[in-house]
Each structure stands twice: as C-alpha cells, then as structure tokens.
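Read through the structure below, which is laid out as structure tokens, and then see the notes.
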Amino acid sequence: MRNGVGVAIDGRIEALIMAWVRRRWPLLRLVPARMMRPAVAPAASSLRRSILRGALVVALPAAVVLAALALSP
C-alpha cells in the first residue's frame with residue numbers, strides 16, 4: 001500500500017503532466033481531468049521513481065565526500 005506522501009507527490013506530478021499536455025494539445029482541455037488521470041497515473045509513478053533514483057545518485061557521492069571530510073583528522 002502506498003503512503004500518503006507518495007500519493008501526494010504522484011498527484012502533483014499528474015497535475016503537472018496534465019497541464020503540460022493541455023498546453024501542448026489545446027483540444028484536450030475539453031476532456032475532464034478525472035478521465036485523464038487514469039491514463040496519466042502510470043507515467044506519474046514512473047517519473048516519481050526516476051526522480052527519486054536521480055536524487056539518490058547525486059546525494060550518495062556527496063554524502064560519501066562529506067563523511068570522508070568529517071572523519072579525516
């Protein structure tokens with residue numbers, strides 16, 4: 001089961017994707033958001049996971065460098 005933070009982040013990403021799509025294709029402004037959400041939800045979850053992985057790839061080397069600096073005499 002997903003936690004509340006993940007659901008909130010997915011909701012924000014879904015809204016951003018739908019806003020981008022509606023700007024790109026103005027005819028989709030006629031489609032209600034509740035009909036678009038099931039189509040956008042898998043992309044939002046995938047995007048959240050890849051953003052998290054990217055943040056971890058950046059944070060891990062920085063943490064190693066900081067730990068090495070903190071532990072050096």
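Chain labels A, B, ... are given in the sequence in which chains occur in the structure tokens; within each chain residues are numbered consecutively from 1, and ligands are likewise numbered from 1 in the order shown.
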
Task: range 29-44 of chain A surroundings by only C-alpha atoms, 12 Å radius, close-in-sequence under 2 positions cut, as JSON, numbers by chain - done: {"A": [6, 7, 8, 9, 10, 11, 12, 13, 14, 15, 16, 17, 18, 19, 20, 21, 22, 23, 24, 25, 26, 27, 46, 47, 48, 49, 50, 51]}

Residues from the last selection, C-alpha atoms, saved as a PDB file, in the first residue's frame:
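Result file result26.pdb:
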ATOM      1  CA  GLY A   6       3.823   9.159  -2.321  1.00  0.00           C
ATOM      2  CA  VAL A   7       0.179   9.679  -3.213  1.00  0.00           C
ATOM      3  CA  ALA A   8       0.520  13.444  -2.760  1.00  0.00           C
ATOM      4  CA  ILE A   9       3.660  13.595  -4.896  1.00  0.00           C
ATOM      5  CA  ASP A  10       2.029  11.451  -7.586  1.00  0.00           C
ATOM      6  CA  GLY A  11      -0.984  13.777  -7.571  1.00  0.00           C
ATOM      7  CA  ARG A  12       1.227  16.802  -8.078  1.00  0.00           C
ATOM      8  CA  ILE A  13       3.144  15.126 -10.889  1.00  0.00           C
ATOM      9  CA  GLU A  14      -0.134  14.062 -12.526  1.00  0.00           C
ATOM     10  CA  ALA A  15      -1.357  17.660 -12.392  1.00  0.00           C
ATOM     11  CA  LEU A  16       1.888  18.909 -13.942  1.00  0.00           C
ATOM     12  CA  ILE A  17       1.731  16.316 -16.718  1.00  0.00           C
ATOM     13  CA  MET A  18      -1.906  17.158 -17.456  1.00  0.00           C
ATOM     14  CA  ALA A  19      -1.137  20.893 -17.528  1.00  0.00           C
ATOM     15  CA  TRP A  20       1.737  20.278 -19.949  1.00  0.00           C
ATOM     16  CA  VAL A  21      -0.403  18.046 -22.180  1.00  0.00           C
ATOM     17  CA  ARG A  22      -3.251  20.542 -22.209  1.00  0.00           C
ATOM     18  CA  ARG A  23      -0.873  23.345 -23.202  1.00  0.00           C
ATOM     19  CA  ARG A  24       0.656  21.207 -25.920  1.00  0.00           C
ATOM     20  CA  TRP A  25      -2.680  19.994 -27.333  1.00  0.00           C
ATOM     21  CA  PRO A  26      -5.404  22.581 -26.573  1.00  0.00           C
ATOM     22  CA  LEU A  27      -8.198  20.270 -27.709  1.00  0.00           C
ATOM     23  CA  SER A  46       7.358   6.120 -13.120  1.00  0.00           C
ATOM     24  CA  LEU A  47       8.536   9.723 -13.213  1.00  0.00           C
ATOM     25  CA  ARG A  48       8.495   9.928  -9.392  1.00  0.00           C
ATOM     26  CA  ARG A  49      10.640   6.789  -9.133  1.00  0.00           C
ATOM     27  CA  SER A  50      13.158   8.025 -11.687  1.00  0.00           C
ATOM     28  CA  ILE A  51      13.396  11.440  -9.996  1.00  0.00           C
TER      29      ILE A  51
END

Task: Point-to-point distance in Å for CA of Asn3 in chain A and CA of Pro61 in chain A - done: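 Taking CA of Pro61 in chain A and CA of Asn3 in chain A, their separation equals 27.6 Å.
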
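Note that CA of Gly4 in chain A and CA of Leu56 in chain A are 20.7 Å apart.
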